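**Q** Have a look at the structure that comes next, please.
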Amino acid sequence: MTTETSRTATISRQTGETDITLSLAIDGHGKSSIQTGIGFFDHMLDALARHGGLDLTVQVKGDLHIDDHHTIEDVGITLGDALHRAIGDKRGIERFGSALVPLDEALCEAVVDISGRPFLAWNITFPREMIGSMATEMVEEFFRALCMSARITVHMNGRAGTNAHHIAESAFKSFARALRMALSRDPRSAGQIPSTKGVL
Ligand SMILES: O=P(O)(O)OC[C@@H](O)[C@@H](O)c1cnc[nH]1
């Protein structure tokens, strides 16, 4: 089930692996209520909402007895779908955003293009395999699933870092700030589509 209004969307997605209900408001205040069953992933989605200026609720019943994969990937798919629906025709938005956000010794860079073309360039590595109950390899999978269903172009680069928690949090925060910039309204756009081809 899906409902959407300008700059908001609510999606319920059920499969044989996960049952997800997600609400998103792009012009939010960074308020979140996140329950995925994976503590560090909840913490990262909280940071995404807070620093992206998004209001975000995520409730998930996932097949965690197997592992974290389906839960994290399916949240990425659902969040990307909600983002795509909430953005709408992209009239009047900045379209491009970029951010470098540190967390202590870690520094990640995110560049976002609300392009209509799904693509992720990922250049971040982690010094260990798990952070709490979340596999570090799933950070990339989350962003790839989000980019594919949101139909956005994203580059994520790890500039520095030795602590896996710090690197992951720096990545989520840099993406949040870059997305916030790309979704902001361009006062000079006169409400036009930010593309020379007239459509995105
Ligand atoms: O966003 P802040 O830097 O104010 O807080 C980070 C803190 O919440 C916590 O996530 C953290 C601190 N060191 C690793 N993680």
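Ligands are numbered from 1 in the order shown, chains are lettered A, B, ... in the order of the structure tokens, and residues start at 1 in each chain.
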Could you give me the residues within 10 Å of ligand 1, counting only C-alpha atoms and all ligand atoms, as a list in words?
**A**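 Every residue with an atom at most 10 Å from ligand 1 is listed here: Phe40, His43, Met44, Asp46, Ala47, Arg50, His51, Val101, Pro102, Leu103, Asp104, Ala106, Asn163, Ala164, His165, His166, Ile167, Ala168, Glu169, Ser170 and Lys173 of chain A.
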**Q** Could you take the residues named above and write them with C-alpha atoms, as a compact mmCIF listing (two decimals), in the first residue's frame?
**A**
```
# COMPACT_ATOMS: atom_id res chain seq x y z
CA PHE A 40 23.39 -0.03 14.73
CA HIS A 43 21.29 4.42 14.88
CA MET A 44 22.38 5.09 11.27
CA ASP A 46 18.32 8.09 12.99
CA ALA A 47 21.44 9.98 11.85
CA ARG A 50 18.47 14.05 11.73
CA HIS A 51 21.11 15.35 9.34
CA VAL A 101 31.27 14.96 7.17
CA PRO A 102 33.82 13.77 9.76
CA LEU A 103 33.36 11.69 12.82
CA ASP A 104 36.60 12.01 14.78
CA ALA A 106 36.88 9.24 9.93
CA ASN A 163 37.20 2.87 13.37
CA ALA A 164 34.35 1.05 11.58
CA HIS A 165 31.60 2.77 13.60
CA HIS A 166 33.07 6.19 12.85
CA ILE A 167 33.46 5.40 9.11
CA ALA A 168 29.88 4.15 8.77
CA GLU A 169 28.40 7.07 10.68
CA SER A 170 30.47 9.54 8.67
CA LYS A 173 25.83 11.69 7.75
```
**Q** Write out as a list of chain:residue names the residues lying within 7 Å of Ile124 in chain A, counting only C-alpha atoms and excluding same-chain residues fewer than 6 positions away.
**A**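 Surrounding residues, per the criterion: A:Met156, A:Asn157, A:Gly158.
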**Q** Would you please give, as a ChimeraX atom specification, all residues of range 102-184 of chain A that DSSP assigns to helix (DSSP H, G or I) based on the backbone?
**A** /A:137-150,164-183
**Q** From the list A:Gly62, A:Gly97, A:Pro127, A:Gly116, which residue is nearest Thr15 in chain A when using only C-alpha atoms?
**A**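 So, comparing all the options, the nearest one is A:Gly62.
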**Q** Taking into account only C-alpha atoms, which residue in the set A:Ser174, A:Leu200, A:Lys90, A:Gly191 is nearest to Arg117 in chain A?
**A** A:Leu200
**Q** Which polymer residues have any atom within 7 Å of an atom of Thr18 in chain A, counting only C-alpha atoms, with same-chain residues fewer than 4 positions away left out, as a CSV table (one decimal) with N, CA and C atoms, in the first residue's frame?
**A**
```csv
chain,number,residue,atom,x,y,z
A,14,GLN,N,5.3,-5.9,1.9
A,14,GLN,CA,5.4,-7.2,2.5
A,14,GLN,C,5.9,-8.2,1.5
A,60,VAL,N,10.0,-2.5,11.0
A,60,VAL,CA,10.3,-3.7,10.2
A,60,VAL,C,10.2,-5.0,11.1
A,61,LYS,N,9.5,-6.0,10.5
A,61,LYS,CA,9.6,-7.4,11.0
A,61,LYS,C,10.3,-8.2,9.9
A,62,GLY,N,11.6,-8.5,10.2
A,62,GLY,CA,12.4,-9.1,9.2
A,62,GLY,C,12.9,-10.5,9.6
A,63,ASP,N,13.4,-11.3,8.7
A,63,ASP,CA,13.8,-12.7,8.9
A,63,ASP,C,15.3,-12.6,9.5
A,70,HIS,N,18.4,-9.3,4.3
A,70,HIS,CA,17.1,-9.0,3.7
A,70,HIS,C,16.5,-7.7,4.4
A,71,THR,N,16.6,-7.6,5.7
A,71,THR,CA,16.1,-6.5,6.4
A,71,THR,C,16.7,-5.2,5.9
```
**Q** Sorted by chain and rising residue number, which residues of range 76-175 of chain A lie within 10 Å of range 23-28 of chain A, and what are their closest atom pairs and distances in Å to one decimal, counting only C-alpha atoms, as CSV?
**A**
```
residue,atom,partner,partner_atom,distance
A:Thr78,CA,A:Ser23,CA,9.7
A:Leu79,CA,A:Leu24,CA,7.9
A:Ala82,CA,A:Leu24,CA,6.6
A:Leu83,CA,A:Leu24,CA,7.4
A:Arg85,CA,A:Leu24,CA,9.9
A:Ala86,CA,A:Ile26,CA,7.1
A:Ile87,CA,A:Ile26,CA,7.8
```
**Q** Please write the residues from the selection above to a file, keeping C-alpha atoms, as a PDB file, in the first residue's frame.
**A**
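That gives us selection-v5.pdb:
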```pdb
ATOM      1  CA  THR A  78      11.479   0.886   0.485  1.00  0.00           C
ATOM      2  CA  LEU A  79      13.179   4.138   1.530  1.00  0.00           C
ATOM      3  CA  ALA A  82       9.392   6.560  -0.777  1.00  0.00           C
ATOM      4  CA  LEU A  83      12.042   9.116  -1.745  1.00  0.00           C
ATOM      5  CA  ARG A  85       7.503   9.197  -4.805  1.00  0.00           C
ATOM      6  CA  ALA A  86       7.965  12.113  -2.371  1.00  0.00           C
ATOM      7  CA  ILE A  87      10.301  14.009  -4.736  1.00  0.00           C
TER       8      ILE A  87
END
```
**Q** Can you check which residues of range 18-148 of chain A DSSP gives as strand (DSSP E) on the backbone and send them as a PyMOL selection string?
**A** chain A and resi 18-25+32-35+55-62+96-103+106-113+119-123+130-131+134-135
**Q** Please write the residues from the selection above to a file, keeping N, CA and C atoms, as a compact mmCIF listing (two decimals), in the first residue's frame.
**A**
```txt
# COMPACT_ATOMS: atom_id res chain seq x y z
N THR A 18 10.44 -9.93 4.63
CA THR A 18 10.32 -8.75 5.50
C THR A 18 8.92 -8.14 5.38
N ASP A 19 8.52 -7.46 6.45
CA ASP A 19 7.25 -6.71 6.49
C ASP A 19 7.62 -5.30 6.97
N ILE A 20 7.52 -4.32 6.03
CA ILE A 20 8.03 -2.97 6.32
C ILE A 20 6.92 -1.95 6.17
N THR A 21 6.82 -1.04 7.14
CA THR A 21 5.98 0.14 7.03
C THR A 21 6.89 1.35 7.24
N LEU A 22 6.89 2.27 6.25
CA LEU A 22 7.83 3.41 6.26
C LEU A 22 7.09 4.68 5.87
N SER A 23 7.34 5.74 6.65
CA SER A 23 6.80 7.06 6.29
C SER A 23 7.95 8.04 6.20
N LEU A 24 7.88 8.92 5.18
CA LEU A 24 8.95 9.88 4.93
C LEU A 24 8.36 11.24 4.62
N ALA A 25 8.93 12.28 5.24
CA ALA A 25 8.63 13.66 4.88
C ALA A 25 9.96 14.35 4.57
N SER A 32 12.65 11.07 14.04
CA SER A 32 12.61 9.68 13.55
C SER A 32 12.10 8.74 14.63
N SER A 33 11.52 7.65 14.14
CA SER A 33 11.12 6.53 15.00
C SER A 33 11.45 5.27 14.22
N ILE A 34 12.54 4.61 14.60
CA ILE A 34 13.11 3.54 13.79
C ILE A 34 13.15 2.25 14.61
N GLN A 35 12.59 1.19 14.07
CA GLN A 35 12.70 -0.13 14.72
C GLN A 35 12.88 -1.18 13.62
N ASP A 55 11.74 13.73 8.26
CA ASP A 55 10.97 13.02 9.27
C ASP A 55 10.79 11.59 8.75
N LEU A 56 11.18 10.60 9.56
CA LEU A 56 11.25 9.22 9.06
C LEU A 56 10.77 8.25 10.13
N THR A 57 9.80 7.41 9.78
CA THR A 57 9.42 6.28 10.65
C THR A 57 9.64 5.00 9.86
N VAL A 58 10.26 4.02 10.50
CA VAL A 58 10.53 2.73 9.88
C VAL A 58 10.23 1.64 10.90
N GLN A 59 9.26 0.78 10.57
CA GLN A 59 8.94 -0.38 11.41
C GLN A 59 9.15 -1.63 10.55
N VAL A 60 9.99 -2.54 11.01
CA VAL A 60 10.33 -3.72 10.23
C VAL A 60 10.19 -4.99 11.08
N LYS A 61 9.53 -5.99 10.50
CA LYS A 61 9.62 -7.36 11.01
C LYS A 61 10.34 -8.15 9.93
N GLY A 62 11.61 -8.47 10.20
CA GLY A 62 12.43 -9.14 9.18
C GLY A 62 12.89 -10.51 9.62
N PHE A 96 21.60 18.86 -7.28
CA PHE A 96 22.92 18.35 -6.90
C PHE A 96 23.23 18.72 -5.46
N GLY A 97 23.93 17.77 -4.76
CA GLY A 97 24.37 18.05 -3.40
C GLY A 97 25.65 17.28 -3.10
N SER A 98 26.46 17.85 -2.24
CA SER A 98 27.69 17.16 -1.85
C SER A 98 28.04 17.56 -0.43
N ALA A 99 28.72 16.64 0.28
CA ALA A 99 29.09 16.91 1.67
C ALA A 99 30.28 16.05 2.06
N LEU A 100 31.11 16.63 2.90
CA LEU A 100 32.18 15.91 3.59
C LEU A 100 31.85 16.03 5.07
N VAL A 101 31.62 14.92 5.75
CA VAL A 101 31.27 14.96 7.17
C VAL A 101 32.20 14.04 7.96
N PRO A 102 32.94 14.60 8.94
CA PRO A 102 33.82 13.77 9.76
C PRO A 102 33.08 13.17 10.94
N LEU A 103 33.67 12.11 11.47
CA LEU A 103 33.36 11.69 12.82
C LEU A 103 34.71 11.29 13.43
N ALA A 106 37.48 9.70 11.18
CA ALA A 106 36.88 9.24 9.93
C ALA A 106 36.35 10.43 9.13
N LEU A 107 36.47 10.33 7.81
CA LEU A 107 35.96 11.39 6.93
C LEU A 107 35.45 10.74 5.65
N CYS A 108 34.14 10.89 5.39
CA CYS A 108 33.55 10.35 4.16
C CYS A 108 32.96 11.49 3.34
N GLU A 109 32.90 11.25 2.05
CA GLU A 109 32.37 12.23 1.10
C GLU A 109 31.19 11.61 0.37
N ALA A 110 30.12 12.39 0.23
CA ALA A 110 28.96 11.94 -0.55
C ALA A 110 28.63 13.00 -1.59
N VAL A 111 28.31 12.54 -2.81
CA VAL A 111 27.85 13.43 -3.86
C VAL A 111 26.56 12.84 -4.43
N VAL A 112 25.51 13.65 -4.48
CA VAL A 112 24.18 13.18 -4.88
C VAL A 112 23.68 13.98 -6.07
N ASP A 113 23.11 13.26 -7.06
CA ASP A 113 22.45 13.87 -8.21
C ASP A 113 21.06 13.26 -8.33
N PHE A 119 22.36 4.94 -9.94
CA PHE A 119 23.78 4.56 -10.04
C PHE A 119 24.42 4.78 -8.66
N LEU A 120 25.26 3.85 -8.23
CA LEU A 120 26.06 4.04 -7.01
C LEU A 120 27.52 3.74 -7.31
N ALA A 121 28.40 4.70 -7.03
CA ALA A 121 29.85 4.48 -7.07
C ALA A 121 30.30 4.42 -5.62
N TRP A 122 30.80 3.27 -5.19
CA TRP A 122 31.12 3.05 -3.77
C TRP A 122 32.61 2.86 -3.59
N ASN A 123 33.23 3.70 -2.78
CA ASN A 123 34.67 3.61 -2.52
C ASN A 123 34.93 3.79 -1.04
N MET A 130 31.87 -6.67 11.26
CA MET A 130 30.59 -6.41 11.95
C MET A 130 30.68 -5.13 12.78
N ILE A 131 29.58 -4.42 12.87
CA ILE A 131 29.39 -3.35 13.84
C ILE A 131 28.12 -3.71 14.59
N MET A 134 25.25 -5.63 12.76
CA MET A 134 25.17 -5.25 11.34
C MET A 134 26.48 -5.56 10.63
N ALA A 135 26.39 -6.27 9.54
CA ALA A 135 27.58 -6.57 8.73
C ALA A 135 27.99 -5.31 7.98
```
**Q** Just give me the gap between CA of Leu179 in chain A and CA of Gly52 in chain A in Å, one decimal is fine.
**A**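 Going from CA of Leu179 in chain A over to CA of Gly52 in chain A covers 6.5 Å.
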**Q** So the first atom is CA of Glu73 in chain A and the second is CA of Met138 in chain A; what is the distance between them in Å, to one decimal place?
**A** 7.6 Å
**Q** Separation of CA of Phe41 in chain A and CA of Ile72 in chain A, in Å?
**A**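 Interatomic distance here is 7.8 Å.
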**Q** Between A:Ser133, A:Pro187, A:Pro194, A:His155, which has the minimum distance to Asp42 in chain A (counting only C-alpha atoms)?
**A** A:Ser133
**Q** Which one is closest to Ile193 in chain A: A:Asp74, A:Asp67, A:Glu94, A:Glu137? Count only C-alpha atoms.
**A**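 Selected residue with least distance to Ile193 in chain A: A:Glu94.
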**Q** Please determine, counting only C-alpha atoms, which residue among A:Thr2, A:Thr36, A:Ser115, A:Ser12 has the shortest atom-to-atom distance to Leu183 in chain A.
**A** A:Ser115
**Q** Within 6 Å of Pro118 in chain A, counting only C-alpha atoms, which residues show up once you throw out same-chain ones fewer than 6 positions away? Write them as a PyMOL selection string, please.
**A** chain A and resi 147-148+151-153
**Q** Output the selection as a PDB file, in the first residue's frame - C-alpha atoms for each residue.
**A**
```pdb
ATOM      1  CA  CYS A 147      19.860   4.475  -5.206  1.00  0.00           C
ATOM      2  CA  MET A 148      18.278   1.893  -7.509  1.00  0.00           C
ATOM      3  CA  ARG A 151      16.611   6.492  -9.263  1.00  0.00           C
ATOM      4  CA  ILE A 152      19.380   8.790  -8.065  1.00  0.00           C
ATOM      5  CA  THR A 153      23.114   8.927  -8.801  1.00  0.00           C
TER       6      THR A 153
END
```
